[in-house]
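Enquirer: Below is the file input18.cif, with mmCIF, C-alpha atoms.
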data_entry
#
loop_
_atom_site.label_atom_id
_atom_site.label_comp_id
_atom_site.auth_asym_id
_atom_site.auth_seq_id
_atom_site.Cartn_x
_atom_site.Cartn_y
_atom_site.Cartn_z
CA PHE A 27 0.00 0.00 0.00
CA ASN A 28 1.28 3.48 -0.87
CA GLY A 29 -0.89 6.55 -0.54
CA ILE A 30 -3.64 8.09 1.54
CA LEU A 31 -5.21 5.70 3.99
CA TRP A 32 -7.93 7.90 5.44
CA THR A 33 -9.12 11.43 4.77
CA VAL A 34 -12.30 12.70 6.43
CA ASN A 35 -13.86 15.90 7.75
CA ILE A 36 -15.91 14.34 10.52
CA GLY A 37 -13.16 12.64 12.51
CA GLY A 38 -11.54 9.25 12.04
CA GLN A 39 -11.82 6.83 14.95
CA TYR A 40 -10.28 3.36 14.83
CA GLY A 41 -10.88 0.36 17.06
CA PRO A 42 -8.37 -1.14 19.52
CA ASN A 43 -7.46 -3.94 17.07
CA THR A 44 -6.60 -1.58 14.21
CA ASN A 45 -3.47 -2.87 12.47
CA VAL A 46 -2.24 -1.22 9.28
CA LYS A 47 1.10 -2.19 7.76
CA THR A 48 3.03 -1.43 4.58
CA ASN A 49 6.09 -3.09 3.11
CA GLY A 50 9.06 -1.57 1.28
CA ALA A 51 8.69 2.13 0.54
CA GLY A 52 4.93 2.16 1.01
CA THR A 53 3.74 5.21 2.95
CA ILE A 54 0.77 5.77 5.23
CA SER A 55 -1.03 9.10 5.46
CA ILE A 56 -3.93 9.67 7.86
CA THR A 57 -5.64 13.07 7.69
CA SER A 58 -8.76 14.19 9.54
CA ASP A 59 -10.50 17.55 10.09
CA MET A 60 -13.13 17.53 12.85
CA ALA A 61 -15.12 20.43 11.48
CA ASP A 62 -18.61 19.15 10.72
CA VAL A 63 -19.74 17.69 14.05
CA PRO A 64 -22.38 19.73 15.92
CA ALA A 65 -20.86 21.81 18.70
CA ASN A 66 -23.34 20.33 21.20
CA PRO A 67 -24.46 16.90 19.99
CA THR A 68 -27.23 15.06 21.83
CA PRO A 69 -26.22 13.37 23.99
CA ASN A 70 -23.29 15.73 24.48
CA ASP A 71 -20.78 12.91 24.88
CA SER A 72 -22.00 10.96 21.86
CA ARG A 73 -18.95 11.96 19.85
CA ASN A 74 -15.61 13.25 21.07
CA PRO A 75 -14.32 16.45 19.46
CA TRP A 76 -11.14 14.62 18.43
CA ALA A 77 -10.13 14.39 14.80
CA VAL A 78 -8.04 11.20 14.94
CA VAL A 79 -8.40 8.45 17.56
CA ILE A 80 -6.10 5.44 17.13
CA PRO A 81 -5.48 2.85 19.85
CA GLY A 82 -4.03 0.27 17.44
CA THR A 83 -0.80 -0.28 15.49
CA ILE A 84 0.25 1.64 12.38
CA GLU A 85 3.48 0.41 10.76
CA THR A 86 5.61 1.13 7.71
CA GLU A 87 8.84 -0.51 6.67
CA ASN A 88 10.86 2.19 4.87
CA GLY A 89 8.04 4.54 3.92
CA ASN A 90 6.98 7.62 5.84
CA LEU A 91 4.09 7.71 8.30
CA LEU A 92 2.20 11.03 8.36
CA MET A 93 -0.74 11.74 10.65
CA VAL A 94 -2.49 15.12 10.51
CA GLY A 95 -5.45 16.00 12.72
CA LYS A 96 -7.42 19.19 13.28
CA SER A 97 -10.42 19.97 15.47
CA THR A 98 -12.30 23.25 15.21
CA ILE A 99 -15.31 22.12 17.24
CA ALA A 100 -16.13 24.66 19.98
CA ARG A 101 -16.25 22.07 22.76
CA THR A 102 -14.02 21.46 25.74
CA ASN A 103 -11.27 18.86 25.29
CA ALA A 104 -11.07 19.54 21.57
CA ARG A 105 -7.91 18.22 19.94
CA GLY A 106 -6.56 16.82 16.71
CA PHE A 107 -5.34 13.53 18.19
CA ALA A 108 -6.01 10.97 20.88
CA LEU A 109 -3.40 8.25 20.39
CA SER A 110 -2.70 5.21 22.54
CA GLY A 111 -1.24 2.63 20.20
CA SER A 112 2.05 1.91 18.46
CA PHE A 113 3.29 3.99 15.52
CA GLN A 114 6.36 2.37 14.12
CA SER A 115 8.71 2.20 11.16
CA VAL A 116 12.06 0.65 10.35
CA SER A 117 13.39 3.84 8.75
CA GLY A 118 10.58 6.09 7.48
CA THR A 119 9.99 9.52 9.01
CA ILE A 120 7.11 9.52 11.51
CA THR A 121 5.24 12.83 11.74
CA ILE A 122 2.39 13.61 14.14
CA GLU A 123 0.95 17.03 13.31
CA ASP A 124 -1.97 18.56 15.20
CA GLN A 125 -3.17 21.54 13.17
CA THR A 126 -5.58 22.77 15.84
CA LEU A 127 -4.59 26.24 17.03
CA ASN A 128 -5.74 28.41 19.92
CA THR A 129 -6.62 30.99 17.30
CA ASN A 130 -9.27 28.73 15.76
CA ASN A 131 -10.34 26.85 18.90
CA VAL A 132 -10.02 28.38 22.37
CA ASN A 133 -10.82 24.97 23.88
CA TYR A 134 -7.70 23.36 22.40
CA THR A 135 -5.75 21.30 24.92
CA GLY A 136 -3.12 19.71 22.70
CA PRO A 137 -2.90 16.23 21.17
CA PHE A 138 -3.42 13.53 23.79
CA ILE A 139 -0.57 11.05 23.36
CA ASN A 140 -1.21 8.41 25.99
CA GLY A 141 1.14 5.48 26.60
CA VAL A 142 2.13 5.54 22.93
CA LYS A 143 5.15 3.71 21.48
CA ILE A 144 6.74 5.56 18.58
CA GLY A 145 9.64 4.46 16.40
CA LYS A 146 10.62 0.87 17.17
CA GLY A 147 7.38 -0.22 18.82
CA THR A 148 7.26 -3.99 18.35
CA LEU A 149 9.98 -3.96 15.65
CA PRO A 150 13.54 -5.14 16.31
CA ALA A 151 14.94 -1.64 15.68
CA SER A 152 14.16 1.74 14.10
CA SER A 153 16.23 4.57 12.63
CA SER A 154 13.20 6.77 11.92
CA ASN A 155 13.24 10.50 12.49
CA VAL A 156 10.25 11.51 14.62
CA ILE A 157 8.57 14.91 14.33
CA PHE A 158 5.87 16.26 16.64
CA LYS A 159 4.14 19.48 15.52
CA ALA A 160 1.50 21.12 17.69
CA ASP A 161 0.54 24.37 19.38
CA LYS A 162 0.49 22.48 22.69
CA PHE A 163 1.28 18.93 23.81
CA ALA A 164 -0.41 16.56 26.25
CA PHE A 165 1.81 13.51 26.71
CA ALA A 166 0.81 11.00 29.38
CA ASN A 167 1.53 7.59 30.93
CA ASN A 168 5.14 7.21 29.84
CA SER A 169 4.76 7.52 26.11
CA ALA A 170 8.08 6.51 24.57
CA VAL A 171 10.13 7.25 21.46
CA GLU A 172 12.60 4.48 20.63
CA THR A 173 14.76 5.12 17.58
CA SER A 174 18.28 5.97 16.55
CA GLY A 175 16.95 8.84 14.43
CA ALA A 176 16.47 12.46 15.48
CA VAL A 177 13.45 13.78 17.42
CA THR A 178 11.89 17.21 16.93
CA LEU A 179 9.16 18.81 19.05
CA GLU A 180 8.09 22.07 17.49
CA PRO A 181 5.11 24.44 17.35
CA LEU A 182 2.85 24.35 14.33
CA GLU A 183 3.40 28.05 13.77
CA ASP A 184 6.08 30.34 15.27
CA ASP A 185 5.84 29.56 18.99
CA PHE A 186 4.17 27.18 21.41
CA ALA A 187 0.90 28.59 22.75
CA SER A 188 2.02 28.10 26.35
CA ALA A 189 5.11 27.06 28.28
CA PHE A 190 6.65 23.77 27.14
CA TYR A 191 7.25 21.37 30.04
CA PHE A 192 9.28 18.27 29.22
CA THR A 193 9.24 15.38 31.68
CA ILE A 194 10.20 11.75 31.12
CA ALA A 195 7.19 10.60 33.12
CA ASP A 196 5.09 11.79 30.18
CA LEU A 197 7.48 11.19 27.28
CA SER A 198 10.67 9.14 27.51
CA LEU A 199 13.34 9.33 24.83
CA ASP A 200 15.68 6.47 23.94
CA GLY A 201 19.31 7.22 24.73
CA ALA A 202 20.21 6.12 21.17
CA ILE A 203 18.33 9.06 19.63
CA SER A 204 20.79 10.94 17.43
CA GLY A 205 19.49 14.48 17.99
CA LEU A 206 16.86 16.44 19.91
CA THR A 207 15.32 19.78 18.94
CA ILE A 208 12.72 21.63 21.00
CA GLY A 209 11.21 24.69 19.31
CA LYS A 210 11.83 26.25 15.89
CA SER A 211 15.22 27.67 15.00
CA ALA A 212 13.86 30.68 13.11
CA THR A 213 11.06 31.81 15.42
CA SER A 214 11.00 30.21 18.88
CA ALA A 215 13.77 32.44 20.24
CA ASP A 216 13.34 35.57 18.14
CA GLY A 217 11.92 37.82 20.86
CA THR A 218 8.29 37.64 19.75
CA ASN A 219 5.94 35.59 21.94
CA ASP A 220 8.68 33.08 22.74
CA ALA A 221 7.38 30.30 25.00
CA ASN A 222 9.32 29.23 28.08
CA VAL A 223 10.86 25.75 28.07
CA THR A 224 11.50 23.56 31.12
CA ILE A 225 13.48 20.33 31.02
CA ALA A 226 12.01 18.55 34.04
CA GLY A 227 13.33 15.02 33.61
CA ALA A 228 16.77 13.49 33.09
CA THR A 229 17.39 13.29 29.33
CA THR A 230 20.29 11.67 27.49
CA ILE A 231 20.68 11.98 23.71
CA ALA A 232 23.37 10.38 21.53
CA GLY A 233 23.82 13.56 19.51
CA PRO A 234 23.30 17.34 19.55
CA ILE A 235 20.56 19.02 21.59
CA ASN A 236 18.99 22.30 20.46
CA ILE A 237 16.51 24.19 22.64
CA TYR A 238 14.78 27.42 21.54
CA GLY A 239 12.66 29.48 23.92
CA GLY A 240 12.12 32.51 26.11
CA ASP A 241 13.15 31.39 29.57
CA ILE A 242 14.87 28.00 29.65
CA ALA A 243 15.03 26.04 32.91
CA ILE A 244 17.24 22.96 33.12
CA ASN A 245 15.63 21.15 36.08
CA GLY A 246 16.56 17.65 34.92
CA THR A 247 20.04 16.48 33.93
CA LEU A 248 20.64 17.04 30.22
CA THR A 249 23.31 15.04 28.41
CA ALA A 250 24.47 15.17 24.78
CA THR A 251 26.67 12.09 24.59
CA SER A 252 29.92 12.97 22.76
CA ASP A 253 28.19 15.99 21.23
CA ASP A 254 27.03 19.56 21.92
CA ILE A 255 24.16 21.37 23.63
CA HIS A 256 22.89 24.59 22.02
CA LEU A 257 20.67 26.87 24.12
CA HIS A 258 18.87 29.69 22.28
CA SER A 259 17.06 32.09 24.62
CA THR A 260 15.55 35.55 24.84
CA GLY A 261 14.90 35.28 28.59
CA ALA A 262 16.59 33.81 31.64
CA VAL A 263 18.43 30.49 31.39
CA THR A 264 18.81 28.75 34.74
CA GLN A 265 19.56 25.30 36.05
CA SER A 266 19.02 23.11 39.08
CA ALA A 267 20.44 20.03 37.34
CA ALA A 268 23.70 19.36 35.50
CA LEU A 269 24.61 19.71 31.84
CA THR A 270 26.98 17.20 30.22
CA ALA A 271 28.32 17.70 26.70
CA ASN A 272 31.47 18.19 24.65
CA GLY A 273 30.42 21.75 23.95
CA LEU A 274 27.86 24.24 25.19
CA SER A 275 26.80 27.16 23.00
CA LEU A 276 24.86 30.07 24.48
CA ASN A 277 22.80 31.97 21.92
CA GLY A 278 20.39 34.88 21.80
CA THR A 279 19.72 37.89 24.00
CA GLY A 280 19.00 35.90 27.16
CA THR A 281 20.90 35.88 30.44
CA PHE A 282 22.65 32.61 31.26
CA THR A 283 23.15 31.54 34.89
CA LEU A 284 24.62 28.06 34.67
CA THR A 285 26.58 27.42 37.83
CA ASN A 286 25.72 23.84 38.79
CA THR A 287 28.85 22.28 40.26
CA SER A 288 28.15 18.99 38.47
CA ASN A 289 28.27 20.51 35.00
CA ASN A 290 30.65 18.60 32.72
CA ILE A 291 31.41 20.70 29.66
CA VAL A 292 34.63 20.68 27.63
CA THR A 293 34.09 23.94 25.71
CA ILE A 294 31.70 26.86 26.28
CA ALA A 295 31.07 29.46 23.58
CA GLY A 296 28.73 32.27 22.66
CA GLY A 297 27.11 31.23 19.39
CA ASN A 298 26.94 27.95 17.54
CA GLU A 299 30.69 27.38 17.29
CA VAL A 300 31.81 25.12 20.15
#
Could you show the structure in this file as structure tokens?
Expert:
Amino acid sequence: FNGILWTVNIGGQYGPNTNVKTNGAGTISITSDMADVPANPTPNDSRNPWAVVIPGTIETENGNLLMVGKSTIARTNARGFALSGSFQSVSGTITIEDQTLNTNNVNYTGPFINGVKIGKGTLPASSSNVIFKADKFAFANNSAVETSGAVTLEPLEDDFASAFYFTIADLSLDGAISGLTIGKSATSADGTNDANVTIAGATTIAGPINIYGGDIAINGTLTATSDDIHLHSTGAVTQSAALTANGLSLNGTGTFTLTNTSNNIVTIAGGNEV
């Protein structure tokens, strides 16, 4: 199979035994826009205002997996995604993109990613890059990304709608991941509506780490194994936990107070050259 699996404008909801798999370069694309459901159906809970609900397994071999959800229903708990299954690929890029914005739905609470396995899942291994795009995020119950590819968490538009709080209790990242980016390089630390970022859980990445935000708080140990950490800030950068990396680059107009006695950095520089 190679192409669009599901495209609807009334929400796509799949059962717990959903299992979709492609071989070779076959891709899977799931797109849903929850726009046509009544704002107050009778009974009110007869249909969730979620565009894509998948508790099953979606798998590609080498092809990409793209899931796009959007909910513009004016009801509480509106979101583009409610995921609780396994989304896996040997090497294809996995993208989860919630196109719901606060500007088109004030009830938006972020995609609900609950106990999800992304990347390897039930496969022996994965080298997939994983991209999360959303105005907000709602990870829960130790969702996990297991891959040797890079992971990106970025806003759909210029900046996250609220502070970004990263904790491994909600989303754990495999130590083999080859790169981590939080925020957008062009806009998330440009001085306009930059969201604050907090690293609240111990995180180890086998590659470079880039964080873009207003205030940045390192409250969980952050390690770039044999690589560099790049902090881009327009606010205050503080820490209560240690940084470990070959190099540390301090970028932007922010103030950097990084005095943890357990820091283990070979080279510190202003700018990207470390």
Enquirer: Please list as JSON, numbers by chain every residue within 10 Å of Tyr238 in chain A, counting all atoms listed in the file and excluding residues in the same chain fewer than 6 positions away.
Expert: {"A": [180, 185, 207, 208, 209, 210, 211, 212, 213, 214, 215, 216, 220, 221, 222, 223, 256, 257, 258, 259, 260, 277, 278]}
Enquirer: Neighbouring residues of Gln125 in chain A were defined as those with any atom within 10 Å, considering only C-alpha atoms; residues of the same chain fewer than 3 positions away were excluded. Please report them as an mmCIF file with C-alpha atoms, keeping the file's coordinate frame.
Expert:
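And here's selection-v9.cif as it stands now:
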data_model
loop_
_atom_site.group_PDB
_atom_site.id
_atom_site.type_symbol
_atom_site.label_atom_id
_atom_site.label_comp_id
_atom_site.auth_asym_id
_atom_site.auth_seq_id
_atom_site.Cartn_x
_atom_site.Cartn_y
_atom_site.Cartn_z
ATOM 1 C CA SER A 58 -8.760 14.190 9.540
ATOM 2 C CA ASP A 59 -10.500 17.550 10.090
ATOM 3 C CA VAL A 94 -2.490 15.120 10.510
ATOM 4 C CA GLY A 95 -5.450 16.000 12.720
ATOM 5 C CA LYS A 96 -7.420 19.190 13.280
ATOM 6 C CA SER A 97 -10.420 19.970 15.470
ATOM 7 C CA THR A 98 -12.300 23.250 15.210
ATOM 8 C CA ARG A 105 -7.910 18.220 19.940
ATOM 9 C CA GLY A 106 -6.560 16.820 16.710
ATOM 10 C CA PHE A 107 -5.340 13.530 18.190
ATOM 11 C CA ILE A 122 2.390 13.610 14.140
ATOM 12 C CA ASN A 128 -5.740 28.410 19.920
ATOM 13 C CA ASN A 130 -9.270 28.730 15.760
ATOM 14 C CA GLY A 136 -3.120 19.710 22.700
ATOM 15 C CA PRO A 137 -2.900 16.230 21.170
ATOM 16 C CA LYS A 159 4.140 19.480 15.520
ATOM 17 C CA ALA A 160 1.500 21.120 17.690
ATOM 18 C CA ASP A 161 0.540 24.370 19.380
ATOM 19 C CA PRO A 181 5.110 24.440 17.350
ATOM 20 C CA LEU A 182 2.850 24.350 14.330
ATOM 21 C CA GLU A 183 3.400 28.050 13.770
#
Enquirer: I'd like to know which of A:Ala195, A:Ile235, A:Ile255, A:Ala262 is closest to Asn140 in chain A, using only C-alpha atoms.
Expert: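 For Asn140 in chain A, the nearest of the given residues is A:Ala195.
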Enquirer: Considering all atoms listed in the file, state which residue in the set A:Phe186, A:Ser174, A:Asn167, A:Tyr134 is at the smallest distance from Ser115 in chain A.
Expert: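 Closest candidate: A:Ser174.
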Enquirer: Considering only C-alpha atoms, state which residue in the set A:Ala232, A:Leu91, A:Ala164, A:Leu276 is at the smallest distance from Ala202 in chain A.
Expert: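 Going through A:Ala232, A:Leu91, A:Ala164, A:Leu276 one by one, the smallest distance to Ala202 in chain A is for A:Ala232.
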Enquirer: What gap, in Å, lies between CA of Ser252 in chain A and CA of Ile237 in chain A?
Expert: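 Between CA of Ser252 in chain A and CA of Ile237 in chain A the gap is 17.5 Å.
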Enquirer: Neighbouring residues of Ile291 in chain A were defined as those with any atom within 10 Å, considering only C-alpha atoms; residues of the same chain fewer than 5 positions away were excluded. Please report them as a CSV table (one decimal) with C-alpha atoms, keeping the file's coordinate frame.
Expert:
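Below is the file part33.csv, written as the result:
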chain,number,residue,atom,x,y,z
A,249,THR,CA,23.3,15.0,28.4
A,254,ASP,CA,27.0,19.6,21.9
A,255,ILE,CA,24.2,21.4,23.6
A,268,ALA,CA,23.7,19.4,35.5
A,269,LEU,CA,24.6,19.7,31.8
A,270,THR,CA,27.0,17.2,30.2
A,271,ALA,CA,28.3,17.7,26.7
A,272,ASN,CA,31.5,18.2,24.6
A,273,GLY,CA,30.4,21.8,24.0
A,274,LEU,CA,27.9,24.2,25.2
Enquirer: Between A:Thr264, A:Thr218, A:Asn168, A:Asn88, which has the minimum distance to Ser154 in chain A (counting only C-alpha atoms)?
Expert: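 Of the candidates, the smallest distance to Ser154 in chain A is held by A:Asn88.
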Enquirer: CA of Pro234 in chain A and CA of Thr251 in chain A, how far apart in Å?
Expert: 8.0 Å
Enquirer: List the residues selected by the PyMOL selection byres ((chain A and resi 147) around 12) in the file shown, writing them as number ranges by chain.
Expert: A: 82-86, 111-116, 141-146, 148-154, 169-173, 200
Enquirer: Using only C-alpha atoms, which of A:Gly239, A:Gly89, A:Pro81, A:Gly118 sits nearest Phe138 in chain A?
Expert: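 Going through A:Gly239, A:Gly89, A:Pro81, A:Gly118 one by one, the smallest distance to Phe138 in chain A is for A:Pro81.
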Enquirer: What gap, in Å, lies between CA of Asn286 in chain A and CA of Leu206 in chain A?
Expert: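 Interatomic distance, CA of Asn286 in chain A to CA of Leu206 in chain A: 22.1 Å.
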Enquirer: Specify as an mmCIF file with C-alpha atoms, in the coordinates of the input each residue included when the PyMOL selection byres ((chain A and resi 53) around 7) is applied to this file.
Expert:
data_model
loop_
_atom_site.group_PDB
_atom_site.id
_atom_site.type_symbol
_atom_site.label_atom_id
_atom_site.label_comp_id
_atom_site.auth_asym_id
_atom_site.auth_seq_id
_atom_site.Cartn_x
_atom_site.Cartn_y
_atom_site.Cartn_z
ATOM 1 C CA ASN A 28 1.280 3.480 -0.870
ATOM 2 C CA GLY A 29 -0.890 6.550 -0.540
ATOM 3 C CA THR A 48 3.030 -1.430 4.580
ATOM 4 C CA ALA A 51 8.690 2.130 0.540
ATOM 5 C CA GLY A 52 4.930 2.160 1.010
ATOM 6 C CA ILE A 54 0.770 5.770 5.230
ATOM 7 C CA SER A 55 -1.030 9.100 5.460
ATOM 8 C CA THR A 86 5.610 1.130 7.710
ATOM 9 C CA GLY A 89 8.040 4.540 3.920
ATOM 10 C CA ASN A 90 6.980 7.620 5.840
ATOM 11 C CA LEU A 91 4.090 7.710 8.300
#
Enquirer: Would you mind listing what lies within 8 Å of Ile157 in chain A as a list in words, with all atoms listed in the file counted and same-chain residues fewer than 6 positions away left out?
Expert: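 Within the cut-off, the hits are Thr119, Ile120, Thr121, Ile122, Glu123, Val177, Thr178, Leu179 and Glu180 of chain A.
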Enquirer: Hey, can you spit out that residue selection with C-alpha atoms as a compact mmCIF listing (two decimals), keeping the file's coordinate frame?
Expert:
# COMPACT_ATOMS: atom_id res chain seq x y z
CA THR A 119 9.99 9.52 9.01
CA ILE A 120 7.11 9.52 11.51
CA THR A 121 5.24 12.83 11.74
CA ILE A 122 2.39 13.61 14.14
CA GLU A 123 0.95 17.03 13.31
CA VAL A 177 13.45 13.78 17.42
CA THR A 178 11.89 17.21 16.93
CA LEU A 179 9.16 18.81 19.05
CA GLU A 180 8.09 22.07 17.49
Enquirer: Could you give me the centre and size, in Å to one decimal, of an axis-aligned box around all listed atoms of range 104-109 of chain A with 8 Å added on every side, as AutoDock Vina command-line options?
Expert:
--center_x -7.2 --center_y 13.9 --center_z 19.1 --size_x 23.7 --size_y 27.3 --size_z 20.9
Enquirer: Could you check the closest approach to Leu197 in chain A for each of A:Gly233, A:Ala226, A:Leu92, A:Ala267 and tell me which residue wins, using all atoms listed in the file?
Expert: A:Ala226
